[in-house]
$ cat my_file.pdb   # PDB, C-alpha atoms, pLDDT in the B column
ATOM      1  CA  MET J1184       5.537 -31.514 -16.175  1.00 57.00           C
ATOM      2  CA  HIS J1185       9.088 -30.653 -15.146  1.00 71.00           C
ATOM      3  CA  ALA J1186       9.725 -30.358 -11.389  1.00 74.00           C
ATOM      4  CA  ASN J1187      10.747 -26.674 -11.613  1.00 77.00           C
ATOM      5  CA  ALA J1188       7.670 -25.828 -13.678  1.00 73.00           C
ATOM      6  CA  THR J1189       5.454 -27.626 -11.165  1.00 81.00           C
ATOM      7  CA  TRP J1190       7.106 -25.800  -8.275  1.00 83.00           C
ATOM      8  CA  ALA J1191       6.662 -22.437 -10.036  1.00 77.00           C
ATOM      9  CA  ALA J1192       2.994 -23.147 -10.807  1.00 80.00           C
ATOM     10  CA  GLU J1193       2.252 -24.202  -7.232  1.00 84.00           C
ATOM     11  CA  ASN J1194       4.062 -21.207  -5.739  1.00 90.00           C
ATOM     12  CA  ARG J1195       2.900 -18.606  -8.252  1.00 91.00           C
ATOM     13  CA  PRO J1196       0.633 -16.798  -5.743  1.00 93.00           C
ATOM     14  CA  ALA J1197       3.468 -16.490  -3.200  1.00 94.00           C
ATOM     15  CA  ILE J1198       5.910 -15.365  -5.896  1.00 94.00           C
ATOM     16  CA  PHE J1199       3.530 -12.682  -7.166  1.00 94.00           C
ATOM     17  CA  GLY J1200       2.730 -11.602  -3.600  1.00 93.00           C
ATOM     18  CA  GLY J1201       6.440 -11.219  -2.837  1.00 95.00           C
ATOM     19  CA  LEU J1202       6.962  -9.270  -6.044  1.00 95.00           C
ATOM     20  CA  ALA J1203       4.026  -6.984  -5.209  1.00 91.00           C
ATOM     21  CA  PHE J1204       5.516  -6.342  -1.750  1.00 93.00           C
ATOM     22  CA  GLY J1205       8.861  -5.465  -3.325  1.00 94.00           C
ATOM     23  CA  LEU J1206       7.307  -3.296  -6.012  1.00 90.00           C
ATOM     24  CA  MET J1207       5.264  -1.387  -3.425  1.00 88.00           C
ATOM     25  CA  LEU J1208       8.416  -0.659  -1.432  1.00 89.00           C
ATOM     26  CA  GLY J1209      10.221   0.223  -4.660  1.00 90.00           C
ATOM     27  CA  LEU J1210       7.426   2.629  -5.532  1.00 87.00           C
ATOM     28  CA  TYR J1211       7.648   4.199  -2.082  1.00 86.00           C
ATOM     29  CA  PHE J1212      11.404   4.681  -2.259  1.00 90.00           C
ATOM     30  CA  GLY J1213      11.379   5.683  -5.932  1.00 88.00           C
ATOM     31  CA  VAL J1214       8.633   8.299  -5.746  1.00 83.00           C
ATOM     32  CA  LEU J1215       9.836   9.826  -2.502  1.00 82.00           C
ATOM     33  CA  THR J1216      13.457   9.941  -3.699  1.00 88.00           C
ATOM     34  CA  LEU J1217      12.486  11.582  -6.988  1.00 86.00           C
ATOM     35  CA  LEU J1218      10.344  14.175  -5.234  1.00 80.00           C
ATOM     36  CA  SER J1219      12.388  14.933  -2.145  1.00 83.00           C
ATOM     37  CA  GLY J1220      15.785  13.244  -2.323  1.00 89.00           C
ATOM     38  CA  TRP J1221      17.308  10.169  -0.739  1.00 94.00           C
ATOM     39  CA  ALA J1222      18.016  11.705   2.692  1.00 93.00           C
ATOM     40  CA  PHE J1223      14.357  12.717   3.109  1.00 88.00           C
ATOM     41  CA  THR J1224      13.206   9.283   1.943  1.00 88.00           C
ATOM     42  CA  VAL J1225      15.370   7.504   4.507  1.00 92.00           C
ATOM     43  CA  THR J1226      14.196   9.869   7.247  1.00 91.00           C
ATOM     44  CA  GLN J1227      10.535   9.296   6.322  1.00 87.00           C
ATOM     45  CA  PHE J1228      11.008   5.530   6.177  1.00 90.00           C
ATOM     46  CA  ASN J1229      12.744   5.506   9.570  1.00 93.00           C
ATOM     47  CA  GLN J1230       9.911   7.580  11.005  1.00 89.00           C
ATOM     48  CA  PHE J1231       7.030   5.593   9.468  1.00 87.00           C
ATOM     49  CA  TRP J1232       8.428   2.096   8.781  1.00 90.00           C
ATOM     50  CA  TYR J1233       5.824   0.548  11.109  1.00 90.00           C
ATOM     51  CA  TYR J1234       3.120   1.801   8.706  1.00 87.00           C
ATOM     52  CA  ILE J1235       4.969   1.381   5.411  1.00 88.00           C
ATOM     53  CA  LEU J1236       6.034  -2.254   5.833  1.00 91.00           C
ATOM     54  CA  PRO J1237       2.556  -3.500   6.870  1.00 90.00           C
ATOM     55  CA  LEU J1238       0.973  -1.552   4.000  1.00 87.00           C
ATOM     56  CA  ALA J1239       3.362  -3.132   1.500  1.00 88.00           C
ATOM     57  CA  ALA J1240       2.929  -6.576   3.104  1.00 91.00           C
ATOM     58  CA  GLY J1241      -0.861  -6.221   3.037  1.00 89.00           C
ATOM     59  CA  PHE J1242      -0.732  -5.347  -0.627  1.00 88.00           C
ATOM     60  CA  GLY J1243       1.530  -8.336  -1.290  1.00 91.00           C
ATOM     61  CA  ILE J1244      -0.846 -10.641   0.585  1.00 91.00           C
ATOM     62  CA  GLN J1245      -3.800  -9.340  -1.439  1.00 90.00           C
ATOM     63  CA  VAL J1246      -1.958  -9.939  -4.705  1.00 89.00           C
ATOM     64  CA  GLY J1247      -1.006 -13.458  -3.567  1.00 92.00           C
ATOM     65  CA  LEU J1248      -4.612 -14.211  -2.609  1.00 90.00           C
ATOM     66  CA  PHE J1249      -5.809 -12.708  -5.881  1.00 88.00           C
ATOM     67  CA  MET J1250      -3.463 -15.006  -7.836  1.00 90.00           C
ATOM     68  CA  ARG J1251      -4.630 -18.040  -5.837  1.00 90.00           C
ATOM     69  CA  LEU J1252      -8.236 -17.094  -6.512  1.00 87.00           C
ATOM     70  CA  ARG J1253      -7.481 -16.866 -10.223  1.00 85.00           C
ATOM     71  CA  GLN J1254      -5.949 -20.345 -10.102  1.00 85.00           C
ATOM     72  CA  LEU J1255      -8.991 -21.792  -8.377  1.00 82.00           C
ATOM     73  CA  VAL J1256     -11.473 -20.029 -10.646  1.00 78.00           C
ATOM     74  CA  SER J1257      -9.661 -21.131 -13.799  1.00 76.00           C
ATOM     75  CA  GLN J1258      -9.383 -24.704 -12.504  1.00 65.00           C
ATOM     76  CA  SER J1259     -13.095 -24.924 -11.796  1.00 55.00           C
ATOM     77  CA  LYS J1260     -14.126 -22.985 -14.935  1.00 51.00           C
ATOM     78  CA  GLN J1261     -16.165 -20.465 -12.959  1.00 45.00           C
ATOM     79  CA  SER J1262     -16.862 -16.866 -13.871  1.00 42.00           C
ATOM     80  CA  GLY J1263     -14.113 -14.294 -13.453  1.00 45.00           C
ATOM     81  CA  THR J1264     -16.495 -11.835 -11.769  1.00 47.00           C
ATOM     82  CA  VAL J1265     -15.072 -12.633  -8.333  1.00 44.00           C
ATOM     83  CA  VAL J1266     -11.572 -11.869  -9.597  1.00 43.00           C
ATOM     84  CA  ALA J1267     -12.668  -8.475 -10.902  1.00 46.00           C
ATOM     85  CA  ALA J1268     -14.282  -7.591  -7.570  1.00 47.00           C
ATOM     86  CA  SER J1269     -11.190  -8.549  -5.598  1.00 44.00           C
ATOM     87  CA  GLY J1270      -8.996  -6.604  -8.011  1.00 46.00           C
ATOM     88  CA  THR J1271     -11.050  -3.511  -7.266  1.00 47.00           C
ATOM     89  CA  THR J1272     -10.457  -4.030  -3.556  1.00 46.00           C
ATOM     90  CA  SER J1273      -6.709  -4.340  -4.111  1.00 46.00           C
ATOM     91  CA  THR J1274      -6.677  -1.186  -6.206  1.00 45.00           C
ATOM     92  CA  ALA J1275      -8.544   0.744  -3.505  1.00 46.00           C
ATOM     93  CA  ALA J1276      -6.039  -0.443  -0.913  1.00 46.00           C
ATOM     94  CA  MET J1277      -3.109   0.647  -3.048  1.00 46.00           C
ATOM     95  CA  ILE J1278      -4.614   4.080  -3.615  1.00 46.00           C
ATOM     96  CA  SER J1279      -5.139   4.446   0.135  1.00 47.00           C
ATOM     97  CA  CYS J1280      -1.622   3.240   0.775  1.00 46.00           C
ATOM     98  CA  CYS J1281      -0.135   5.850  -1.507  1.00 51.00           C
ATOM     99  CA  ALA J1282      -2.368   8.702  -0.325  1.00 51.00           C
ATOM    100  CA  HIS J1283       0.335   9.951   2.029  1.00 49.00           C
ATOM    101  CA  TYR J1284       2.488  10.847  -1.011  1.00 50.00           C
ATOM    102  CA  LEU J1285       0.109  13.732  -1.612  1.00 52.00           C
ATOM    103  CA  THR J1286       2.111  15.765   0.894  1.00 49.00           C
ATOM    104  CA  ASN J1287       5.020  15.704  -1.563  1.00 50.00           C
ATOM    105  CA  VAL J1288       3.176  15.808  -4.898  1.00 51.00           C
ATOM    106  CA  ALA J1289       0.475  18.356  -4.157  1.00 50.00           C
ATOM    107  CA  PRO J1290       2.780  21.426  -4.217  1.00 51.00           C
ATOM    108  CA  LEU J1291       3.679  20.509  -7.792  1.00 51.00           C
ATOM    109  CA  ILE J1292       0.026  20.787  -8.795  1.00 50.00           C
ATOM    110  CA  GLY J1293      -0.683  23.862  -6.690  1.00 51.00           C
ATOM    111  CA  ALA J1294      -2.934  22.266  -4.072  1.00 48.00           C
ATOM    112  CA  THR J1295      -1.472  23.808  -0.940  1.00 52.00           C
ATOM    113  CA  GLY J1296      -4.668  23.255   1.042  1.00 54.00           C
ATOM    114  CA  LEU J1297      -4.485  19.558   0.221  1.00 50.00           C
ATOM    115  CA  VAL J1298      -0.855  19.483   1.366  1.00 52.00           C
ATOM    116  CA  ALA J1299      -1.759  20.976   4.721  1.00 59.00           C
ATOM    117  CA  PHE J1300      -4.635  18.520   5.130  1.00 58.00           C
ATOM    118  CA  ALA J1301      -2.539  15.478   4.184  1.00 58.00           C
ATOM    119  CA  ALA J1302       0.367  16.568   6.385  1.00 63.00           C
ATOM    120  CA  GLN J1303      -1.921  17.155   9.350  1.00 69.00           C
ATOM    121  CA  PHE J1304      -3.626  13.776   8.991  1.00 71.00           C
ATOM    122  CA  GLN J1305      -0.719  11.663   7.697  1.00 73.00           C
ATOM    123  CA  SER J1306      -0.999   9.055  10.455  1.00 75.00           C
ATOM    124  CA  GLU J1307      -4.754   8.822   9.973  1.00 76.00           C
ATOM    125  CA  ILE J1308      -4.248   8.310   6.234  1.00 75.00           C
ATOM    126  CA  PHE J1309      -1.841   5.474   7.029  1.00 77.00           C
ATOM    127  CA  TRP J1310      -4.501   3.905   9.276  1.00 81.00           C
ATOM    128  CA  VAL J1311      -7.088   4.190   6.492  1.00 79.00           C
ATOM    129  CA  GLY J1312      -4.651   2.413   4.171  1.00 79.00           C
ATOM    130  CA  LEU J1313      -4.136  -0.336   6.746  1.00 80.00           C
ATOM    131  CA  LEU J1314      -7.901  -0.660   7.177  1.00 83.00           C
ATOM    132  CA  PHE J1315      -8.345  -1.006   3.419  1.00 82.00           C
ATOM    133  CA  ASN J1316      -5.619  -3.659   3.402  1.00 81.00           C
ATOM    134  CA  PHE J1317      -7.326  -5.592   6.187  1.00 85.00           C
ATOM    135  CA  VAL J1318     -10.729  -5.390   4.493  1.00 84.00           C
ATOM    136  CA  GLY J1319      -9.205  -6.380   1.154  1.00 84.00           C
ATOM    137  CA  ILE J1320      -7.397  -9.368   2.675  1.00 86.00           C
ATOM    138  CA  ALA J1321     -10.536 -10.491   4.501  1.00 88.00           C
ATOM    139  CA  TYR J1322     -12.681 -10.107   1.394  1.00 87.00           C
ATOM    140  CA  VAL J1323     -10.336 -11.846  -1.036  1.00 85.00           C
ATOM    141  CA  GLY J1324      -9.419 -14.463   1.575  1.00 88.00           C
ATOM    142  CA  ASN J1325     -13.103 -15.275   2.017  1.00 89.00           C
ATOM    143  CA  LYS J1326     -13.513 -15.611  -1.760  1.00 87.00           C
ATOM    144  CA  VAL J1327     -10.454 -17.896  -1.897  1.00 88.00           C
ATOM    145  CA  LEU J1328     -11.896 -20.132   0.847  1.00 89.00           C
ATOM    146  CA  LYS J1329     -15.247 -20.381  -0.930  1.00 88.00           C
ATOM    147  CA  ALA J1330     -13.620 -21.086  -4.291  1.00 85.00           C
ATOM    148  CA  TYR J1331     -11.346 -23.699  -2.691  1.00 85.00           C
ATOM    149  CA  LYS J1332     -14.331 -25.490  -1.136  1.00 85.00           C
ATOM    150  CA  GLU J1333     -16.192 -25.442  -4.463  1.00 82.00           C
ATOM    151  CA  HIS J1334     -13.085 -26.706  -6.245  1.00 75.00           C
ATOM    152  CA  GLN J1335     -12.747 -29.564  -3.754  1.00 79.00           C
ATOM    153  CA  GLN J1336     -16.410 -30.518  -4.346  1.00 77.00           C
ATOM    154  CA  CYS J1337     -15.756 -30.630  -8.079  1.00 74.00           C
ATOM    155  CA  LEU J1338     -12.816 -32.976  -7.535  1.00 71.00           C
ATOM    156  CA  ALA J1339     -14.810 -35.280  -5.266  1.00 66.00           C
TER     157      ALA J1339
END
$ encode --input "my_file.pdb" --output "structure tokens"
Amino acid sequence: MHANATWAAENRPAIFGGLAFGLMLGLYFGVLTLLSGWAFTVTQFNQFWYYILPLAAGFGIQVGLFMRLRQLVSQSKQSGTVVAASGTTSTAAMISCCAHYLTNVAPLIGATGLVAFAAQFQSEIFWVGLLFNFVGIAYVGNKVLKAYKEHQQCLA
């Protein structure tokens, strides 16, 4: 195998994790800019960067772990059930991460009560997203460790 192909295969989880981090931030900036304009987006990011960056990083870490788990599972020819379960965790974390956008989208769908709720509890919603990220990372990380140990036993 060519050296660049080997490097790409070995670093695929990190590459996908970095891309997921970037895409999450792109989604944040894109959605907020489309809904409320660039000035509002920059103001919101400056106000909540200490939530937004960890949420995006947590999502990136989960995607990287998910990709590593897929590598290990495919190498040891095990069932993909674990991958499906961890994908569900990642999806739940992303939904929680993006829940704070409801304050901007809800007026478009006529849910003013939801807007008031989301605006009042925006920081709490961020914390829920961070909690989901932590749980997702712990869960998928645990699955990666178990799969790695099983893979090492197969090689021995």
$ atom_distance --input "my_file.pdb" --atom1 "CA of Trp1221 (chain J)" --atom2 "CA of Phe1304 (chain J)"
23.4 Å
$ atom_distance --input "my_file.pdb" --atom1 "CA of Phe1204 (chain J)" --atom2 "CA of Phe1242 (chain J)"
6.4 Å
$ atom_distance --input "my_file.pdb" --atom1 "CA of Gly1220 (chain J)" --atom2 "CA of Phe1309 (chain J)"
21.4 Å
$ closest_residue --input "my_file.pdb" --among "J:Asn1187, J:Ile1320, J:Gly1205, J:Trp1310" --to "Gly1241 (chain J)" --atoms "only C-alpha atoms"
J:Ile1320
$ closest_residue --input "my_file.pdb" --among "J:Leu1248, J:Leu1202, J:Val1311, J:Ala1188" --to "Asn1325 (chain J)" --atoms "all atoms listed in the file"
J:Leu1248
$ resolve_selection --input "my_file.pdb" --expression "the PyMOL selection byres ((chain J and resi 1238) around 9)" --output "PyMOL selection string"
chain J and resi 1204+1207+1233-1237+1239-1243+1276-1277+1280+1309+1312-1313+1316
